[in-house]
$ cat entry_36.pdb   # PDB, C-alpha atoms
ATOM      1  CA  MET A1252     116.097 123.103 121.031
ATOM      2  CA  LYS A1253     113.456 120.384 120.861
ATOM      3  CA  PRO A1254     113.630 117.829 123.691
ATOM      4  CA  ASP A1255     114.130 114.169 122.847
ATOM      5  CA  ARG A1256     110.858 112.387 122.230
ATOM      6  CA  GLU A1257     109.803 110.000 124.964
ATOM      7  CA  HIS A1258     109.234 106.614 123.361
ATOM      8  CA  ALA A1259     105.765 105.328 124.104
ATOM      9  CA  THR A1260     106.371 101.754 125.148
ATOM     10  CA  ARG A1261     103.608 101.276 127.696
ATOM     11  CA  ASN A1262     100.670  99.590 126.046
ATOM     12  CA  ASP A1263      98.155 100.771 128.632
ATOM     13  CA  GLN A1264      98.186 104.319 127.246
ATOM     14  CA  THR A1265      95.830 105.734 124.629
ATOM     15  CA  TYR A1266      96.991 108.277 122.052
ATOM     16  CA  PHE A1267      95.588 110.760 119.570
ATOM     17  CA  VAL A1268      97.783 110.389 116.468
ATOM     18  CA  THR A1269      97.988 112.548 113.345
ATOM     19  CA  ALA A1270      99.967 111.913 110.158
ATOM     20  CA  ASN A1271     100.049 113.826 106.882
ATOM     21  CA  THR A1272     100.533 112.699 103.333
ATOM     22  CA  TRP A1273     103.683 113.687 101.463
ATOM     23  CA  GLN A1274     103.492 117.425 100.700
ATOM     24  CA  ARG A1275      99.884 117.248 101.947
ATOM     25  CA  ARG A1276      98.709 115.788  98.648
ATOM     26  CA  ALA A1277      95.007 114.907  98.706
ATOM     27  CA  VAL A1278      95.541 111.263  97.741
ATOM     28  CA  PHE A1279      92.603 110.091  99.856
ATOM     29  CA  GLN A1280      90.136 111.999  97.690
ATOM     30  CA  LYS A1281      90.288 108.932  95.487
ATOM     31  CA  SER A1282      87.932 106.351  96.966
ATOM     32  CA  SER A1283      90.256 103.480  96.015
ATOM     33  CA  TRP A1284      93.007 105.025  98.162
ATOM     34  CA  ALA A1285      90.628 105.815 101.027
ATOM     35  CA  HIS A1286      89.145 102.315 101.068
ATOM     36  CA  LEU A1287      92.591 100.717 100.986
ATOM     37  CA  PHE A1288      93.675 102.898 103.920
ATOM     38  CA  LEU A1289      90.616 101.907 105.971
ATOM     39  CA  ASN A1290      91.194  98.263 105.089
ATOM     40  CA  THR A1291      94.814  98.578 106.231
ATOM     41  CA  LEU A1292      93.782 100.469 109.381
ATOM     42  CA  HIS A1293      91.367  97.686 110.331
ATOM     43  CA  SER A1294      93.759  94.874 109.378
ATOM     44  CA  TYR A1295      96.120  95.842 112.224
ATOM     45  CA  ARG A1296      93.286  96.316 114.726
ATOM     46  CA  GLY A1297      93.752  93.846 117.570
ATOM     47  CA  ARG A1298      97.278  92.958 116.384
ATOM     48  CA  ALA A1299      99.191  96.244 116.605
ATOM     49  CA  TYR A1300      96.647  98.441 118.394
ATOM     50  CA  LEU A1301      93.137  98.849 119.678
ATOM     51  CA  LEU A1302      91.306 101.288 117.414
ATOM     52  CA  HIS A1303      88.911 103.637 119.214
ATOM     53  CA  GLU A1304      88.106 106.487 116.814
ATOM     54  CA  TYR A1305      89.404 107.732 113.481
ATOM     55  CA  VAL A1306      88.878 110.091 110.589
ATOM     56  CA  LEU A1307      90.620 109.965 107.226
ATOM     57  CA  MET A1308      90.774 113.334 105.518
ATOM     58  CA  PRO A1309      92.000 113.924 101.939
ATOM     59  CA  GLU A1310      95.591 114.613 103.088
ATOM     60  CA  HIS A1311      95.870 113.408 106.684
ATOM     61  CA  PHE A1312      94.377 111.192 109.352
ATOM     62  CA  HIS A1313      93.553 111.426 113.040
ATOM     63  CA  ILE A1314      93.304 108.246 115.083
ATOM     64  CA  LEU A1315      92.592 107.505 118.727
ATOM     65  CA  LEU A1316      94.320 104.221 119.551
ATOM     66  CA  THR A1317      95.903 102.131 122.268
ATOM     67  CA  PRO A1318      99.080 100.419 120.989
ATOM     68  CA  MET A1319      99.668  96.756 121.784
ATOM     69  CA  GLU A1320     103.473  97.200 121.855
ATOM     70  CA  SER A1321     104.790 100.704 121.285
ATOM     71  CA  LEU A1322     103.145 103.696 119.659
ATOM     72  CA  GLU A1323     105.970 104.002 117.138
ATOM     73  CA  ARG A1324     105.533 100.373 116.096
ATOM     74  CA  ALA A1325     101.748 100.741 115.751
ATOM     75  CA  VAL A1326     102.087 103.783 113.488
ATOM     76  CA  GLN A1327     104.883 102.076 111.538
ATOM     77  CA  PHE A1328     102.591  99.112 110.852
ATOM     78  CA  LEU A1329      99.826 101.416 109.633
ATOM     79  CA  LYS A1330     101.841 103.820 107.492
ATOM     80  CA  GLY A1331     104.297 101.217 106.196
ATOM     81  CA  GLY A1332     101.573  98.653 105.632
ATOM     82  CA  PHE A1333      99.517 101.133 103.637
ATOM     83  CA  SER A1334     102.508 102.265 101.557
ATOM     84  CA  PHE A1335     103.377  98.665 100.724
ATOM     85  CA  ARG A1336      99.801  97.871  99.732
ATOM     86  CA  ALA A1337      99.426 101.086  97.677
ATOM     87  CA  LYS A1338     102.514 100.183  95.646
ATOM     88  CA  LYS A1339     101.267  96.651  95.103
ATOM     89  CA  GLU A1340      97.478  96.973  94.847
ATOM     90  CA  LEU A1341      97.156 100.488  93.410
ATOM     91  CA  GLU A1342     100.364 100.181  91.358
ATOM     92  CA  SER A1343     101.539 103.498  92.737
ATOM     93  CA  SER A1344     105.092 104.720  92.925
ATOM     94  CA  LEU A1345     104.138 107.892  94.799
ATOM     95  CA  GLU A1346     105.730 108.792  98.098
ATOM     96  CA  VAL A1347     102.714 108.517 100.397
ATOM     97  CA  TRP A1348     103.592 109.872 103.844
ATOM     98  CA  GLN A1349     105.249 112.903 105.334
ATOM     99  CA  ARG A1350     108.002 111.699 107.658
ATOM    100  CA  GLY A1351     106.954 111.131 111.262
ATOM    101  CA  PHE A1352     103.679 111.762 113.046
ATOM    102  CA  SER A1353     102.362 113.801 115.944
ATOM    103  CA  ASP A1354     100.777 112.334 119.030
ATOM    104  CA  HIS A1355      99.123 113.330 122.256
ATOM    105  CA  ARG A1356      98.701 110.955 125.189
ATOM    106  CA  ILE A1357      95.094 110.931 126.393
ATOM    107  CA  ARG A1358      95.169 111.696 130.095
ATOM    108  CA  ASP A1359      91.569 111.299 131.291
ATOM    109  CA  SER A1360      87.949 111.105 130.157
ATOM    110  CA  ALA A1361      87.679 114.866 129.549
ATOM    111  CA  ASP A1362      90.793 114.776 127.356
ATOM    112  CA  CYS A1363      89.363 111.788 125.502
ATOM    113  CA  GLU A1364      86.093 113.618 124.917
ATOM    114  CA  VAL A1365      87.917 116.666 123.517
ATOM    115  CA  HIS A1366      89.872 114.550 121.027
ATOM    116  CA  VAL A1367      86.897 112.440 119.976
ATOM    117  CA  GLY A1368      85.055 115.702 119.348
ATOM    118  CA  TYR A1369      87.943 116.968 117.273
ATOM    119  CA  ILE A1370      87.874 113.799 115.162
ATOM    120  CA  MET A1371      84.118 114.072 114.651
ATOM    121  CA  ARG A1372      84.266 117.778 113.737
ATOM    122  CA  ASN A1373      87.078 117.380 111.188
ATOM    123  CA  PRO A1374      84.981 116.488 108.107
ATOM    124  CA  ILE A1375      82.286 118.944 109.210
ATOM    125  CA  GLY A1376      84.759 121.805 109.546
ATOM    126  CA  ARG A1377      86.021 121.106 106.026
ATOM    127  CA  ARG A1378      82.415 121.108 104.763
ATOM    128  CA  LEU A1379      82.702 117.538 103.469
ATOM    129  CA  VAL A1380      79.488 116.603 105.320
ATOM    130  CA  GLU A1381      77.020 118.194 107.724
ATOM    131  CA  HIS A1382      77.201 115.334 110.249
ATOM    132  CA  ALA A1383      80.086 113.013 111.073
ATOM    133  CA  VAL A1384      77.814 109.975 110.677
ATOM    134  CA  ASP A1385      77.522 110.841 106.971
ATOM    135  CA  TYR A1386      81.272 110.741 106.326
ATOM    136  CA  PRO A1387      82.253 107.226 105.191
ATOM    137  CA  TYR A1388      85.884 107.620 106.307
ATOM    138  CA  CYS A1389      85.055 108.365 109.951
ATOM    139  CA  SER A1390      84.442 106.048 112.894
ATOM    140  CA  ALA A1391      81.038 107.714 113.403
ATOM    141  CA  PHE A1392      79.852 106.213 110.097
ATOM    142  CA  PRO A1393      77.316 103.417 110.707
ATOM    143  CA  GLY A1394      78.898  99.971 110.721
ATOM    144  CA  SER A1395      82.422 101.200 111.513
ATOM    145  CA  GLU A1396      84.349  98.669 113.559
ATOM    146  CA  LYS A1397      86.288  99.899 116.559
ATOM    147  CA  ASP A1398      87.282  99.020 120.088
ATOM    148  CA  GLU A1399      85.969 100.622 123.258
ATOM    149  CA  VAL A1400      88.284 103.029 124.996
ATOM    150  CA  PRO A1401      89.833 101.776 128.235
ATOM    151  CA  GLN A1402      87.541 102.013 131.263
ATOM    152  CA  ARG A1403      89.726 104.708 132.856
ATOM    153  CA  LEU A1404      88.929 107.031 129.920
ATOM    154  CA  LYS A1405      85.164 106.598 130.013
ATOM    155  CA  PRO A1406      83.304 109.641 131.298
ATOM    156  CA  LEU A1407      81.419 109.421 134.564
ATOM    157  CA  LYS A1408      78.426 111.363 133.207
ATOM    158  CA  VAL A1409      75.599 109.362 131.695
ATOM    159  CA  GLY A1410      75.003 110.208 128.038
ATOM    160  CA  HIS A1411      78.605 111.019 127.164
ATOM    161  CA  ASP A1412      80.039 107.905 125.615
ATOM    162  CA  CYS A1413      83.622 108.365 124.490
ATOM    163  CA  GLY A1414      84.621 105.743 121.971
ATOM    164  CA  THR A1415      81.344 104.284 120.787
ATOM    165  CA  ALA A1416      79.207 104.670 117.700
ATOM    166  CA  GLU A1417      76.932 107.039 119.633
ATOM    167  CA  ALA A1418      79.681 109.691 119.581
ATOM    168  CA  VAL A1419      77.584 111.875 117.253
ATOM    169  CA  PRO A1420      76.738 114.489 119.945
ATOM    170  CA  PHE A1421      80.401 115.545 119.993
ATOM    171  CA  GLN A1422      80.001 117.246 116.619
ATOM    172  CA  ASN A1423      77.851 119.947 118.233
ATOM    173  CA  ARG A1424      80.186 120.706 121.132
ATOM    174  CA  THR A1425      81.492 124.045 119.898
ATOM    175  CA  SER A1426      80.231 127.211 121.506
ATOM    176  CA  PRO A1427      78.016 129.490 119.397
ATOM    177  CA  GLY A1428      80.119 131.292 116.825
ATOM    178  CA  ALA A1429      83.169 129.064 117.365
ATOM    179  CA  SER A1430      84.670 127.343 114.373
ATOM    180  CA  ALA A1431      85.305 123.597 114.324
ATOM    181  CA  GLY A1432      88.574 122.789 115.997
ATOM    182  CA  GLU A1433      88.860 126.192 117.680
ATOM    183  CA  GLY A1434      91.053 125.877 120.728
ATOM    184  CA  GLU A1435      92.769 122.796 119.323
ATOM    185  CA  ARG A1436      96.370 122.992 118.314
ATOM    186  CA  LYS A1437      96.802 123.119 114.579
ATOM    187  CA  ARG A1438      97.386 119.740 112.926
TER
END
$ encode --input "entry_36.pdb" --output "structure tokens"
Amino acid sequence: MKPDREHATRNDQTYFVTANTWQRRAVFQKSSWAHLFLNTLHSYRGRAYLLHEYVLMPEHFHILLTPMESLERAVQFLKGGFSFRAKKELESSLEVWQRGFSDHRIRDSADCEVHVGYIMRNPIGRRLVEHAVDYPYCSAFPGSEKDEVPQRLKPLKVGHDCGTAEAVPFQNRTSPGASAGEGERKR
């Protein structure tokens, strides 16, 4: 029996969130869909959540965010807002999202670093690009707008900057012979 989900109502917590498209359809392979999603993602930045890192894959997304109200409300704004805009602006009647989402509360700087690395490795592991900075639907892409992670999640070591555009080194953090995402729970 699955325990009841604890509702994330504290806005001083940061979360790694994943959501899939309906039946894992690759709707974000179309650039018009991908650009609309990123536009929607950024339109709620500062209103519903602080946006730290993200990657949009053809059939899912991963986001590192700090909700302004509750996590459920932040994700509802994003998924619902995108669905509404897709129907209107893309004239789509498709069901867009799989019901629900998965989340992980970021506990400390090491946990943050692991999840930022996972985000950065996602397009590399799928062989969409060789470097995260080359993937236009990732927060590592030059010019991407995002918010710094809370001070409590910043690493103490110099040179490891969780939540900034210089997050590129995370893409090389797998041990020799390890595949991207190895050790991560399947999303």
$ resolve_selection --input "entry_36.pdb" --expression "the PyMOL selection byres ((chain A and resi 1360) around 7)" --output "number ranges by chain"
A: 1359, 1361-1364, 1404-1406
$ write_last_selection --input "entry_36.pdb" --atoms "C-alpha atoms" --output "PDB file, keeping the file's coordinate frame"
ATOM      1  CA  ASP A1359      91.569 111.299 131.291  1.00  0.00           C
ATOM      2  CA  ALA A1361      87.679 114.866 129.549  1.00  0.00           C
ATOM      3  CA  ASP A1362      90.793 114.776 127.356  1.00  0.00           C
ATOM      4  CA  CYS A1363      89.363 111.788 125.502  1.00  0.00           C
ATOM      5  CA  GLU A1364      86.093 113.618 124.917  1.00  0.00           C
ATOM      6  CA  LEU A1404      88.929 107.031 129.920  1.00  0.00           C
ATOM      7  CA  LYS A1405      85.164 106.598 130.013  1.00  0.00           C
ATOM      8  CA  PRO A1406      83.304 109.641 131.298  1.00  0.00           C
TER       9      PRO A1406
END
$ atom_distance --input "entry_36.pdb" --atom1 "atom CA of A:Tyr1369" --atom2 "atom CA of A:Glu1346"
27.4 Å
$ closest_residue --input "entry_36.pdb" --among "A:Phe1312, A:Tyr1388, A:Phe1352, A:Phe1288" --to "A:Phe1335" --atoms "all atoms listed in the file"
A:Phe1288
$ atom_distance --input "entry_36.pdb" --atom1 "atom CA of A:Glu1342" --atom2 "atom CA of A:Ala1325"
24.4 Å
$ atom_distance --input "entry_36.pdb" --atom1 "atom CA of A:Pro1401" --atom2 "atom CA of A:Ser1353"
21.3 Å
$ closest_residue --input "entry_36.pdb" --among "A:Thr1269, A:Pro1318, A:Gln1402, A:Ser1283" --to "A:Ala1299" --atoms "all atoms listed in the file"
A:Pro1318
$ closest_residue --input "entry_36.pdb" --among "A:Met1308, A:Leu1289, A:Met1371, A:Leu1379" --to "A:Arg1275" --atoms "all atoms listed in the file"
A:Met1308
$ closest_residue --input "entry_36.pdb" --among "A:Leu1322, A:Leu1341, A:Leu1329, A:Cys1389" --to "A:His1293" --atoms "all atoms listed in the file"
A:Leu1329
$ closest_residue --input "entry_36.pdb" --among "A:Trp1273, A:Tyr1300, A:Phe1267, A:Trp1348" --to "A:Met1319" --atoms "only C-alpha atoms"
A:Tyr1300
$ axis_aligned_box --input "entry_36.pdb" --around "stretch 1361-1379 of chain A" --padding-each-side "6 Å" --output "AutoDock Vina command-line options"
--center_x 86.5 --center_y 116.8 --center_z 116.5 --size_x 20.5 --size_y 22.0 --size_z 38.1
$ residues_near_point --input "entry_36.pdb" --point "(84.5, 111.6, 107.2)" --cutoff "8 Å" --atoms "all atoms listed in the file" --output "PDB file with C-alpha atoms, in the coordinates of the input"
ATOM      1  CA  VAL A1306      88.878 110.091 110.589  1.00  0.00           C
ATOM      2  CA  LEU A1307      90.620 109.965 107.226  1.00  0.00           C
ATOM      3  CA  MET A1308      90.774 113.334 105.518  1.00  0.00           C
ATOM      4  CA  MET A1371      84.118 114.072 114.651  1.00  0.00           C
ATOM      5  CA  ASN A1373      87.078 117.380 111.188  1.00  0.00           C
ATOM      6  CA  PRO A1374      84.981 116.488 108.107  1.00  0.00           C
ATOM      7  CA  ILE A1375      82.286 118.944 109.210  1.00  0.00           C
ATOM      8  CA  LEU A1379      82.702 117.538 103.469  1.00  0.00           C
ATOM      9  CA  VAL A1380      79.488 116.603 105.320  1.00  0.00           C
ATOM     10  CA  ALA A1383      80.086 113.013 111.073  1.00  0.00           C
ATOM     11  CA  VAL A1384      77.814 109.975 110.677  1.00  0.00           C
ATOM     12  CA  ASP A1385      77.522 110.841 106.971  1.00  0.00           C
ATOM     13  CA  TYR A1386      81.272 110.741 106.326  1.00  0.00           C
ATOM     14  CA  PRO A1387      82.253 107.226 105.191  1.00  0.00           C
ATOM     15  CA  TYR A1388      85.884 107.620 106.307  1.00  0.00           C
ATOM     16  CA  CYS A1389      85.055 108.365 109.951  1.00  0.00           C
ATOM     17  CA  SER A1390      84.442 106.048 112.894  1.00  0.00           C
ATOM     18  CA  PHE A1392      79.852 106.213 110.097  1.00  0.00           C
TER      19      PHE A1392
END
$ residues_around --input "entry_36.pdb" --residues "A:Trp1284" --least-positions-apart "3" --cutoff "12 Å" --atoms "only C-alpha atoms" --output "ChimeraX atom specification"
/A:1272,1277-1281,1287-1291,1307-1310,1333-1334,1336-1338,1340-1343,1345,1347,1388
$ residues_near_point --input "entry_36.pdb" --point "(94.1, 99.9, 117.9)" --cutoff "6 Å" --atoms "only C-alpha atoms" --output "MDAnalysis selection string"
chainID A and resid 1296 1300:1302 1316:1318
$ closest_residue --input "entry_36.pdb" --among "A:Ala1391, A:Ala1285, A:Ile1357, A:Leu1315" --to "A:Arg1372" --atoms "all atoms listed in the file"
A:Ala1391
$ build_atoms --input "entry_36.pdb" --residues "stretch 1366-1378 of chain A" --atoms "N, CA and C atoms" --output "mmCIF file, keeping the file's coordinate frame"
data_model
loop_
_atom_site.group_PDB
_atom_site.id
_atom_site.type_symbol
_atom_site.label_atom_id
_atom_site.label_comp_id
_atom_site.auth_asym_id
_atom_site.auth_seq_id
_atom_site.Cartn_x
_atom_site.Cartn_y
_atom_site.Cartn_z
ATOM 1 N N HIS A 1366 89.247 115.079 122.241
ATOM 2 C CA HIS A 1366 89.872 114.550 121.027
ATOM 3 C C HIS A 1366 88.896 113.767 120.159
ATOM 4 N N VAL A 1367 87.949 113.081 120.766
ATOM 5 C CA VAL A 1367 86.897 112.440 119.976
ATOM 6 C C VAL A 1367 86.088 113.520 119.260
ATOM 7 N N GLY A 1368 85.774 114.585 119.968
ATOM 8 C CA GLY A 1368 85.055 115.702 119.348
ATOM 9 C C GLY A 1368 85.818 116.296 118.184
ATOM 10 N N TYR A 1369 87.107 116.435 118.351
ATOM 11 C CA TYR A 1369 87.943 116.968 117.273
ATOM 12 C C TYR A 1369 87.884 116.059 116.047
ATOM 13 N N ILE A 1370 87.970 114.758 116.265
ATOM 14 C CA ILE A 1370 87.874 113.799 115.162
ATOM 15 C C ILE A 1370 86.531 113.935 114.461
ATOM 16 N N MET A 1371 85.460 113.997 115.230
ATOM 17 C CA MET A 1371 84.118 114.072 114.651
ATOM 18 C C MET A 1371 83.875 115.390 113.906
ATOM 19 N N ARG A 1372 84.469 116.469 114.383
ATOM 20 C CA ARG A 1372 84.266 117.778 113.737
ATOM 21 C C ARG A 1372 85.115 117.975 112.488
ATOM 22 N N ASN A 1373 86.151 117.168 112.299
ATOM 23 C CA ASN A 1373 87.078 117.380 111.188
ATOM 24 C C ASN A 1373 86.390 117.420 109.825
ATOM 25 N N PRO A 1374 85.618 116.424 109.427
ATOM 26 C CA PRO A 1374 84.981 116.488 108.107
ATOM 27 C C PRO A 1374 83.888 117.557 108.035
ATOM 28 N N ILE A 1375 83.311 117.895 109.178
ATOM 29 C CA ILE A 1375 82.286 118.944 109.210
ATOM 30 C C ILE A 1375 82.936 120.305 108.993
ATOM 31 N N GLY A 1376 84.043 120.533 109.679
ATOM 32 C CA GLY A 1376 84.759 121.805 109.546
ATOM 33 C C GLY A 1376 85.267 122.052 108.135
ATOM 34 N N ARG A 1377 85.557 120.982 107.413
ATOM 35 C CA ARG A 1377 86.021 121.106 106.026
ATOM 36 C C ARG A 1377 84.857 121.118 105.039
ATOM 37 N N ARG A 1378 83.641 121.084 105.572
ATOM 38 C CA ARG A 1378 82.415 121.108 104.763
ATOM 39 C C ARG A 1378 82.304 119.905 103.814
#
